[in-house]
$ cat upload_37.cif   # mmCIF, C-alpha atoms
data_structure
loop_
_atom_site.group_PDB
_atom_site.id
_atom_site.type_symbol
_atom_site.label_atom_id
_atom_site.label_comp_id
_atom_site.auth_asym_id
_atom_site.auth_seq_id
_atom_site.Cartn_x
_atom_site.Cartn_y
_atom_site.Cartn_z
ATOM 1 C CA MET A 1 0.000 0.000 0.000
ATOM 2 C CA PRO A 2 2.767 2.565 0.705
ATOM 3 C CA VAL A 3 4.013 1.859 -2.834
ATOM 4 C CA LEU A 4 0.882 3.512 -4.277
ATOM 5 C CA GLY A 5 1.297 6.494 -1.960
ATOM 6 C CA ILE A 6 4.978 6.932 -2.726
ATOM 7 C CA THR A 7 4.234 6.623 -6.460
ATOM 8 C CA ALA A 8 1.488 9.273 -6.180
ATOM 9 C CA LEU A 9 3.763 11.689 -4.306
ATOM 10 C CA ALA A 10 6.652 11.050 -6.729
ATOM 11 C CA VAL A 11 4.419 11.705 -9.757
ATOM 12 C CA LEU A 12 3.138 14.891 -8.099
ATOM 13 C CA ALA A 13 6.707 16.023 -7.349
ATOM 14 C CA CYS A 14 7.639 15.477 -11.025
ATOM 15 C CA GLY A 15 4.527 17.374 -12.121
ATOM 16 C CA VAL A 16 5.232 20.320 -9.818
ATOM 17 C CA PHE A 17 8.877 20.470 -10.916
ATOM 18 C CA TRP A 18 7.835 20.389 -14.584
ATOM 19 C CA GLY A 19 4.928 22.786 -14.069
ATOM 20 C CA LEU A 20 7.124 25.414 -12.414
ATOM 21 C CA ARG A 21 9.629 25.235 -15.274
ATOM 22 C CA VAL A 22 7.325 25.680 -18.291
ATOM 23 C CA PRO A 23 7.811 28.930 -20.220
ATOM 24 C CA PRO A 24 5.438 31.782 -19.261
ATOM 25 C CA ASP A 25 2.300 32.057 -21.403
ATOM 26 C CA ALA A 26 2.092 34.958 -23.867
ATOM 27 C CA ARG A 27 -1.106 36.326 -22.240
ATOM 28 C CA GLN A 28 -1.131 34.898 -18.732
ATOM 29 C CA ALA A 29 2.621 35.077 -18.077
ATOM 30 C CA ASP A 30 3.607 33.101 -14.942
ATOM 31 C CA ALA A 31 0.005 32.832 -13.728
ATOM 32 C CA VAL A 32 -0.507 30.003 -16.242
ATOM 33 C CA ARG A 33 1.311 27.686 -13.799
ATOM 34 C CA ILE A 34 -1.785 27.674 -11.560
ATOM 35 C CA LEU A 35 -3.293 25.481 -14.294
ATOM 36 C CA PHE A 36 -1.271 22.518 -12.986
ATOM 37 C CA VAL A 37 -2.857 22.558 -9.530
ATOM 38 C CA HIS A 38 -6.294 23.960 -10.381
ATOM 39 C CA VAL A 39 -7.438 21.689 -13.217
ATOM 40 C CA PRO A 40 -6.283 18.360 -11.656
ATOM 41 C CA ALA A 41 -7.990 19.308 -8.362
ATOM 42 C CA ALA A 42 -11.236 20.041 -10.231
ATOM 43 C CA TRP A 43 -11.033 16.803 -12.261
ATOM 44 C CA THR A 44 -10.306 14.762 -9.120
ATOM 45 C CA ALA A 45 -13.226 16.380 -7.297
ATOM 46 C CA MET A 46 -15.566 15.301 -10.123
ATOM 47 C CA LEU A 47 -14.003 11.838 -10.343
ATOM 48 C CA ALA A 48 -14.582 11.416 -6.605
ATOM 49 C CA PHE A 49 -18.250 12.300 -7.074
ATOM 50 C CA VAL A 50 -18.586 9.727 -9.871
ATOM 51 C CA ALA A 51 -17.140 7.121 -7.469
ATOM 52 C CA LEU A 52 -19.503 8.369 -4.748
ATOM 53 C CA ALA A 53 -22.523 8.031 -7.048
ATOM 54 C CA ILE A 54 -21.514 4.460 -7.994
ATOM 55 C CA ALA A 55 -21.022 3.524 -4.320
ATOM 56 C CA SER A 56 -24.379 5.128 -3.501
ATOM 57 C CA VAL A 57 -26.136 2.984 -6.102
ATOM 58 C CA GLY A 58 -24.400 0.023 -4.428
ATOM 59 C CA VAL A 59 -25.798 1.112 -1.046
ATOM 60 C CA LEU A 60 -29.356 1.374 -2.421
ATOM 61 C CA VAL A 61 -29.286 -1.997 -4.199
ATOM 62 C CA GLY A 62 -28.088 -3.608 -0.980
ATOM 63 C CA LYS A 63 -24.398 -4.276 -1.631
ATOM 64 C CA GLY A 64 -23.698 -4.080 2.092
ATOM 65 C CA GLU A 65 -21.036 -2.545 4.267
ATOM 66 C CA LEU A 66 -18.287 -2.007 1.708
ATOM 67 C CA ALA A 67 -20.363 0.279 -0.545
ATOM 68 C CA ASP A 68 -21.365 2.346 2.496
ATOM 69 C CA VAL A 69 -17.778 2.595 3.724
ATOM 70 C CA ALA A 70 -16.670 3.587 0.202
ATOM 71 C CA ALA A 71 -19.342 6.313 0.053
ATOM 72 C CA GLU A 72 -18.503 7.574 3.553
ATOM 73 C CA THR A 73 -14.791 7.632 2.762
ATOM 74 C CA ILE A 74 -14.850 9.286 -0.651
ATOM 75 C CA THR A 75 -17.057 12.206 0.502
ATOM 76 C CA PRO A 76 -14.508 14.193 2.574
ATOM 77 C CA LEU A 77 -11.825 13.509 -0.042
ATOM 78 C CA GLY A 78 -14.096 14.893 -2.747
ATOM 79 C CA ALA A 79 -14.812 17.921 -0.570
ATOM 80 C CA LEU A 80 -11.073 18.507 -0.107
ATOM 81 C CA PHE A 81 -10.330 18.476 -3.847
ATOM 82 C CA THR A 82 -13.405 20.616 -4.606
ATOM 83 C CA ALA A 83 -12.247 23.202 -2.047
ATOM 84 C CA LEU A 84 -8.751 23.143 -3.567
ATOM 85 C CA GLY A 85 -10.248 23.604 -7.044
ATOM 86 C CA LEU A 86 -12.231 26.626 -5.847
ATOM 87 C CA ILE A 87 -9.344 28.220 -3.905
ATOM 88 C CA THR A 88 -6.768 27.782 -6.679
ATOM 89 C CA GLY A 89 -9.355 28.917 -9.241
ATOM 90 C CA SER A 90 -9.949 32.058 -7.212
ATOM 91 C CA LEU A 91 -6.176 32.665 -7.030
ATOM 92 C CA TRP A 92 -6.078 32.319 -10.822
ATOM 93 C CA GLY A 93 -9.163 34.449 -11.427
ATOM 94 C CA ARG A 94 -7.896 37.457 -9.468
ATOM 95 C CA PRO A 95 -4.914 38.264 -11.736
ATOM 96 C CA MET A 96 -6.680 37.164 -14.961
ATOM 97 C CA TRP A 97 -10.214 38.542 -14.509
ATOM 98 C CA GLY A 98 -9.552 41.131 -11.826
ATOM 99 C CA ALA A 99 -11.989 39.364 -9.478
ATOM 100 C CA TRP A 100 -11.666 36.652 -6.849
ATOM 101 C CA TRP A 101 -15.137 35.345 -7.685
ATOM 102 C CA VAL A 102 -17.839 35.757 -10.315
ATOM 103 C CA TRP A 103 -21.261 34.112 -10.251
ATOM 104 C CA ASP A 104 -20.925 32.465 -13.644
ATOM 105 C CA GLY A 105 -22.174 29.002 -14.576
ATOM 106 C CA ARG A 106 -18.955 27.025 -14.079
ATOM 107 C CA LEU A 107 -17.966 28.600 -10.773
ATOM 108 C CA THR A 108 -21.466 28.491 -9.300
ATOM 109 C CA SER A 109 -22.099 24.857 -10.302
ATOM 110 C CA PHE A 110 -18.694 23.912 -8.852
ATOM 111 C CA LEU A 111 -19.491 25.738 -5.602
ATOM 112 C CA LEU A 112 -22.730 23.738 -5.543
ATOM 113 C CA LEU A 113 -20.618 20.556 -5.720
ATOM 114 C CA LEU A 114 -18.771 21.632 -2.548
ATOM 115 C CA LEU A 115 -22.083 22.383 -0.817
ATOM 116 C CA ILE A 116 -23.387 18.918 -1.776
ATOM 117 C CA TYR A 117 -20.237 17.289 -0.368
ATOM 118 C CA LEU A 118 -20.557 19.309 2.866
ATOM 119 C CA GLY A 119 -24.274 18.503 3.029
ATOM 120 C CA LEU A 120 -23.483 14.785 2.731
ATOM 121 C CA ILE A 121 -20.912 15.007 5.556
ATOM 122 C CA ALA A 122 -23.411 16.884 7.759
ATOM 123 C CA LEU A 123 -26.280 14.502 6.936
ATOM 124 C CA ARG A 124 -24.229 11.425 7.749
ATOM 125 C CA GLY A 125 -22.961 12.994 10.955
ATOM 126 C CA ALA A 126 -26.483 13.873 12.043
ATOM 127 C CA LEU A 127 -28.062 10.484 11.299
ATOM 128 C CA LYS A 128 -25.433 7.842 11.947
ATOM 129 C CA GLU A 129 -25.639 8.103 15.740
ATOM 130 C CA ASN A 130 -29.210 6.773 15.643
ATOM 131 C CA SER A 131 -29.139 4.476 12.623
ATOM 132 C CA ARG A 132 -26.152 3.709 10.400
ATOM 133 C CA ASN A 133 -28.437 2.107 7.807
ATOM 134 C CA ARG A 134 -30.707 5.150 7.625
ATOM 135 C CA ALA A 135 -27.701 7.469 7.322
ATOM 136 C CA ALA A 136 -26.249 5.339 4.504
ATOM 137 C CA LYS A 137 -29.497 5.291 2.499
ATOM 138 C CA SER A 138 -30.271 8.989 3.016
ATOM 139 C CA CYS A 139 -26.753 9.964 1.915
ATOM 140 C CA ALA A 140 -26.981 7.610 -1.071
ATOM 141 C CA VAL A 141 -30.196 9.271 -2.277
ATOM 142 C CA LEU A 142 -28.709 12.752 -1.833
ATOM 143 C CA ALA A 143 -25.502 11.733 -3.658
ATOM 144 C CA ILE A 144 -27.404 10.258 -6.614
ATOM 145 C CA VAL A 145 -29.598 13.363 -6.897
ATOM 146 C CA GLY A 146 -26.491 15.538 -6.469
ATOM 147 C CA ALA A 147 -24.784 13.757 -9.371
ATOM 148 C CA ILE A 148 -27.010 15.855 -11.669
ATOM 149 C CA ASP A 149 -24.535 18.663 -10.924
ATOM 150 C CA LEU A 150 -21.698 16.821 -12.738
ATOM 151 C CA PRO A 151 -23.003 17.312 -16.326
ATOM 152 C CA VAL A 152 -24.055 20.837 -15.369
ATOM 153 C CA ILE A 153 -20.430 21.596 -14.357
ATOM 154 C CA PHE A 154 -19.026 20.002 -17.511
ATOM 155 C CA PHE A 155 -21.392 21.671 -19.990
ATOM 156 C CA SER A 156 -21.783 24.986 -18.131
ATOM 157 C CA VAL A 157 -19.164 26.663 -20.326
ATOM 158 C CA GLN A 158 -21.170 25.663 -23.415
ATOM 159 C CA TRP A 159 -24.662 26.361 -22.098
ATOM 160 C CA TRP A 160 -23.995 29.821 -20.672
ATOM 161 C CA THR A 161 -21.775 32.770 -21.465
ATOM 162 C CA THR A 162 -19.062 32.570 -18.831
ATOM 163 C CA LEU A 163 -15.802 34.226 -17.880
ATOM 164 C CA HIS A 164 -14.376 30.755 -17.356
ATOM 165 C CA GLN A 165 -12.706 29.474 -20.496
ATOM 166 C CA GLY A 166 -14.290 26.665 -22.506
ATOM 167 C CA SER A 167 -13.045 23.077 -22.645
ATOM 168 C CA SER A 168 -9.564 22.899 -24.129
ATOM 169 C CA ILE A 169 -8.730 19.242 -23.432
ATOM 170 C CA LEU A 170 -11.853 17.046 -23.224
ATOM 171 C CA ARG A 171 -13.430 18.286 -26.451
ATOM 172 C CA LYS A 172 -14.301 17.120 -29.943
ATOM 173 C CA GLY A 173 -11.298 17.359 -32.246
ATOM 174 C CA GLY A 174 -8.771 16.817 -29.448
ATOM 175 C CA PRO A 175 -6.972 19.172 -27.076
ATOM 176 C CA THR A 176 -6.192 22.710 -28.212
ATOM 177 C CA MET A 177 -3.620 23.241 -25.476
ATOM 178 C CA ALA A 178 0.063 23.477 -26.464
ATOM 179 C CA PRO A 179 1.966 20.261 -25.602
ATOM 180 C CA VAL A 180 4.385 22.231 -23.420
ATOM 181 C CA TYR A 181 1.457 22.815 -21.006
ATOM 182 C CA LEU A 182 -0.583 19.701 -21.780
ATOM 183 C CA TYR A 183 2.018 17.086 -20.747
ATOM 184 C CA PRO A 184 2.781 18.449 -17.257
ATOM 185 C CA LEU A 185 -0.969 18.919 -16.781
ATOM 186 C CA LEU A 186 -1.580 15.237 -17.581
ATOM 187 C CA ILE A 187 1.241 14.232 -15.189
ATOM 188 C CA MET A 188 -0.340 16.292 -12.417
ATOM 189 C CA ALA A 189 -3.774 14.836 -13.219
ATOM 190 C CA LEU A 190 -2.287 11.341 -12.902
ATOM 191 C CA GLY A 191 -0.632 12.300 -9.599
ATOM 192 C CA TYR A 192 -3.882 13.701 -8.152
ATOM 193 C CA THR A 193 -5.803 10.607 -9.279
ATOM 194 C CA LEU A 194 -3.241 8.247 -7.719
ATOM 195 C CA LEU A 195 -3.323 10.326 -4.542
ATOM 196 C CA LEU A 196 -7.125 10.115 -4.403
ATOM 197 C CA VAL A 197 -7.032 6.333 -4.900
ATOM 198 C CA TRP A 198 -4.323 5.892 -2.252
ATOM 199 C CA LEU A 199 -6.057 8.072 0.360
ATOM 200 C CA PHE A 200 -9.321 6.294 -0.421
ATOM 201 C CA VAL A 201 -7.782 2.826 0.076
ATOM 202 C CA VAL A 202 -6.024 3.881 3.304
ATOM 203 C CA ARG A 203 -9.222 5.404 4.701
ATOM 204 C CA VAL A 204 -11.460 2.466 3.698
ATOM 205 C CA ARG A 205 -9.112 0.072 5.483
ATOM 206 C CA THR A 206 -9.007 2.347 8.545
ATOM 207 C CA VAL A 207 -12.808 2.675 8.749
ATOM 208 C CA LEU A 208 -13.270 -1.100 8.318
ATOM 209 C CA MET A 209 -10.695 -1.731 11.071
ATOM 210 C CA GLN A 210 -12.402 0.804 13.351
ATOM 211 C CA ARG A 211 -15.773 -0.909 12.834
ATOM 212 C CA HIS A 212 -14.300 -4.360 13.479
ATOM 213 C CA LEU A 213 -12.490 -3.056 16.563
ATOM 214 C CA ALA A 214 -15.723 -1.581 17.918
ATOM 215 C CA ALA A 215 -17.528 -4.870 17.245
ATOM 216 C CA ALA A 216 -14.719 -6.912 18.853
ATOM 217 C CA GLU A 217 -14.616 -4.693 21.928
ATOM 218 C CA GLY A 218 -18.387 -5.115 22.261
ATOM 219 C CA VAL A 219 -18.064 -8.914 22.216
ATOM 220 C CA LEU A 220 -14.956 -9.258 24.407
ATOM 221 C CA MET B 1 0.524 40.787 -5.556
ATOM 222 C CA SER B 2 2.669 39.809 -8.553
ATOM 223 C CA TYR B 3 1.690 36.885 -10.799
ATOM 224 C CA ASN B 4 4.325 34.797 -9.012
ATOM 225 C CA GLY B 5 2.658 35.572 -5.678
ATOM 226 C CA TYR B 6 -0.620 34.020 -6.848
ATOM 227 C CA VAL B 7 1.254 31.003 -8.224
ATOM 228 C CA TRP B 8 3.104 30.391 -4.957
ATOM 229 C CA ALA B 9 -0.079 30.868 -2.951
ATOM 230 C CA ALA B 10 -1.921 28.278 -5.084
ATOM 231 C CA TYR B 11 0.924 25.739 -4.865
ATOM 232 C CA SER B 12 1.507 26.306 -1.138
ATOM 233 C CA ILE B 13 -2.159 25.941 -0.184
ATOM 234 C CA SER B 14 -2.490 22.777 -2.320
ATOM 235 C CA ALA B 15 0.699 21.243 -0.879
ATOM 236 C CA LEU B 16 -0.278 22.092 2.702
ATOM 237 C CA ALA B 17 -3.800 20.677 2.363
ATOM 238 C CA ILE B 18 -2.522 17.473 0.759
ATOM 239 C CA ALA B 19 0.295 17.056 3.300
ATOM 240 C CA VAL B 20 -2.049 17.522 6.289
ATOM 241 C CA THR B 21 -4.586 15.056 4.825
ATOM 242 C CA VAL B 22 -1.934 12.420 4.092
ATOM 243 C CA LEU B 23 -0.488 12.823 7.593
ATOM 244 C CA LEU B 24 -3.851 12.598 9.375
ATOM 245 C CA TYR B 25 -5.039 9.602 7.331
ATOM 246 C CA TRP B 26 -1.748 7.745 7.738
ATOM 247 C CA ARG B 27 -1.608 8.379 11.508
ATOM 248 C CA ALA B 28 -5.207 7.175 11.962
ATOM 249 C CA HIS B 29 -4.388 4.064 9.927
ATOM 250 C CA ARG B 30 -1.267 3.281 11.987
ATOM 251 C CA LYS B 31 -3.159 3.875 15.234
ATOM 252 C CA CYS B 32 -5.859 1.385 14.177
ATOM 253 C CA LEU B 33 -3.250 -1.195 13.207
ATOM 254 C CA ARG B 34 -1.610 -0.831 16.633
ATOM 255 C CA GLN B 35 -4.969 -1.221 18.404
ATOM 256 C CA ILE B 36 -5.678 -4.432 16.478
ATOM 257 C CA GLN B 37 -2.214 -5.778 17.311
ATOM 258 C CA ASP B 38 -2.743 -4.925 20.997
ATOM 259 C CA LEU B 39 -6.115 -6.681 20.950
ATOM 260 C CA ALA B 40 -4.601 -9.757 19.274
ATOM 261 C CA ILE B 41 -1.807 -9.918 21.900
ATOM 262 C CA LYS B 42 -4.281 -9.400 24.762
ATOM 263 C CA TYR B 43 -6.629 -12.239 23.700
#
$ encode --input "upload_37.cif" --output "structure tokens"
Amino acid sequence: MPVLGITALAVLACGVFWGLRVPPDARQADAVRILFVHVPAAWTAMLAFVALAIASVGVLVGKGELADVAAETITPLGALFTALGLITGSLWGRPMWGAWWVWDGRLTSFLLLLLIYLGLIALRGALKENSRNRAAKSCAVLAIVGAIDLPVIFFSVQWWTTLHQGSSILRKGGPTMAPVYLYPLLIMALGYTLLLVWLFVVRVRTVLMQRHLAAAEGVL
Amino acid sequence: MSYNGYVWAAYSISALAIAVTVLLYWRAHRKCLRQIQDLAIKY
């Protein structure tokens, strides 16, 4: 298990080193380097929600403890990466747009993702004391309904006029980004994804051990 | 703030948040492992 973590951190270190050495952009100058922490954080936040939605379906169709533990575990991780996406986006927006925040479609739908994550954490915390099963099912329903926000985030730059730039990588006809920026971005995206998977595996194992410990201490 | 200031702020906040999360998760994991080992030795 530490191998995955060390690999994730090594890939991230390579990505950061590469990202800080790319030439400045003609328009954005050095601020373009925020791309390498902002976009992977946003992608990972959405990937975490996809995993959460799948686990939630598992909870509702009765796939037992593991699906619930997976859903419980991925939620705070998703919230972390969503918050990082918003903070780094704000730090990028200030020098580029002259504003820390604008209520445009992409930013608002992404803020909604953070609120859904926080709502899930609060809902689970409020219900699990009385009934773990009820907390799991309530959170699963909210997560599945909340997954509607994912296509809204993705297509927001097409549906509405926004300050946020349109898709430049995941688009028809291939990426429009220059390879000098695209490759370190993909390395960072890989590093963030590996980090998410590693933290998820570590946390799932910890939560399962905590539950088994509590059960064992109740019996002994 | 210069452009570099925003870049360093974004990288520092990301690195700090990730480092704290990794540390907390890893410590909780090690603590659980130790508790299980203690329980196994005890019984």
$ closest_atom_pairs --input "upload_37.cif" --of "chain A" --to "chain B" --cutoff "10 Å" --atoms "all atoms listed in the file" --output "Markdown table"
| residue | atom | partner | partner_atom | distance |
| --- | --- | --- | --- | --- |
| A:Pro2 | CA | B:Trp26 | CA | 9.8 |
| A:Gly5 | CA | B:Val22 | CA | 9.1 |
| A:Leu9 | CA | B:Ile18 | CA | 9.9 |
| A:Leu12 | CA | B:Ala15 | CA | 9.9 |
| A:Val16 | CA | B:Tyr11 | CA | 8.5 |
| A:Leu20 | CA | B:Val7 | CA | 9.1 |
| A:Gln28 | CA | B:Tyr3 | CA | 8.7 |
| A:Ala29 | CA | B:Tyr3 | CA | 7.6 |
| A:Asp30 | CA | B:Tyr3 | CA | 5.9 |
| A:Ala31 | CA | B:Tyr3 | CA | 5.3 |
| A:Val32 | CA | B:Val7 | CA | 8.3 |
| A:Arg33 | CA | B:Val7 | CA | 6.5 |
| A:Ile34 | CA | B:Val7 | CA | 5.6 |
| A:Leu35 | CA | B:Val7 | CA | 9.4 |
| A:Phe36 | CA | B:Tyr11 | CA | 9.0 |
| A:Val37 | CA | B:Tyr11 | CA | 6.8 |
| A:His38 | CA | B:Ala10 | CA | 8.1 |
| A:Ala41 | CA | B:Ser14 | CA | 8.9 |
| A:Leu77 | CA | B:Thr21 | CA | 8.9 |
| A:Leu80 | CA | B:Ala17 | CA | 8.0 |
| A:Phe81 | CA | B:Ser14 | CA | 9.1 |
| A:Ala83 | CA | B:Ser14 | CA | 9.8 |
| A:Leu84 | CA | B:Ser14 | CA | 6.4 |
| A:Gly85 | CA | B:Ser14 | CA | 9.1 |
| A:Ile87 | CA | B:Ala10 | CA | 7.5 |
| A:Thr88 | CA | B:Ala10 | CA | 5.1 |
| A:Gly89 | CA | B:Ala10 | CA | 8.5 |
| A:Ser90 | CA | B:Ala10 | CA | 9.1 |
| A:Leu91 | CA | B:Tyr6 | CA | 5.7 |
| A:Trp92 | CA | B:Tyr6 | CA | 7.0 |
| A:Gly93 | CA | B:Tyr6 | CA | 9.7 |
| A:Arg94 | CA | B:Tyr6 | CA | 8.5 |
| A:Pro95 | CA | B:Tyr3 | CA | 6.8 |
| A:Met96 | CA | B:Tyr3 | CA | 9.4 |
| A:Tyr192 | CA | B:Ile18 | CA | 9.8 |
| A:Leu195 | CA | B:Ile18 | CA | 8.9 |
| A:Trp198 | CA | B:Val22 | CA | 9.4 |
| A:Leu199 | CA | B:Val22 | CA | 7.1 |
| A:Phe200 | CA | B:Tyr25 | CA | 9.5 |
| A:Val202 | CA | B:His29 | CA | 6.8 |
| A:Arg203 | CA | B:Tyr25 | CA | 6.5 |
| A:Val204 | CA | B:His29 | CA | 9.6 |
| A:Arg205 | CA | B:His29 | CA | 7.6 |
| A:Thr206 | CA | B:His29 | CA | 5.1 |
| A:Val207 | CA | B:His29 | CA | 8.6 |
| A:Leu208 | CA | B:Cys32 | CA | 9.8 |
| A:Met209 | CA | B:Cys32 | CA | 6.5 |
| A:Gln210 | CA | B:Cys32 | CA | 6.6 |
| A:His212 | CA | B:Ile36 | CA | 9.1 |
| A:Leu213 | CA | B:Ile36 | CA | 7.0 |
| A:Ala216 | CA | B:Leu39 | CA | 8.9 |
| A:Glu217 | CA | B:Leu39 | CA | 8.8 |
| A:Leu220 | CA | B:Tyr43 | CA | 8.9 |
$ resolve_selection --input "upload_37.cif" --expression "the PyMOL selection byres ((chain A and resi 176-182) around 9)" --output "PyMOL selection string"
chain A and resi 19+22-23+32-33+35-36+167-169+171+173-175+183-187
$ residues_around --input "upload_37.cif" --residues "Leu120 in chain A" --least-positions-apart "3" --cutoff "12 Å" --atoms "all atoms listed in the file" --output "PyMOL selection string"
chain A and resi 49+52-53+56+71-76+78-79+113-117+123-128+135-146
$ atom_distance --input "upload_37.cif" --atom1 "CA of Leu60 in chain A" --atom2 "CA of Asn133 in chain A"
10.3 Å
$ atom_distance --input "upload_37.cif" --atom1 "CA of Arg134 in chain A" --atom2 "CA of Val69 in chain A"
13.7 Å
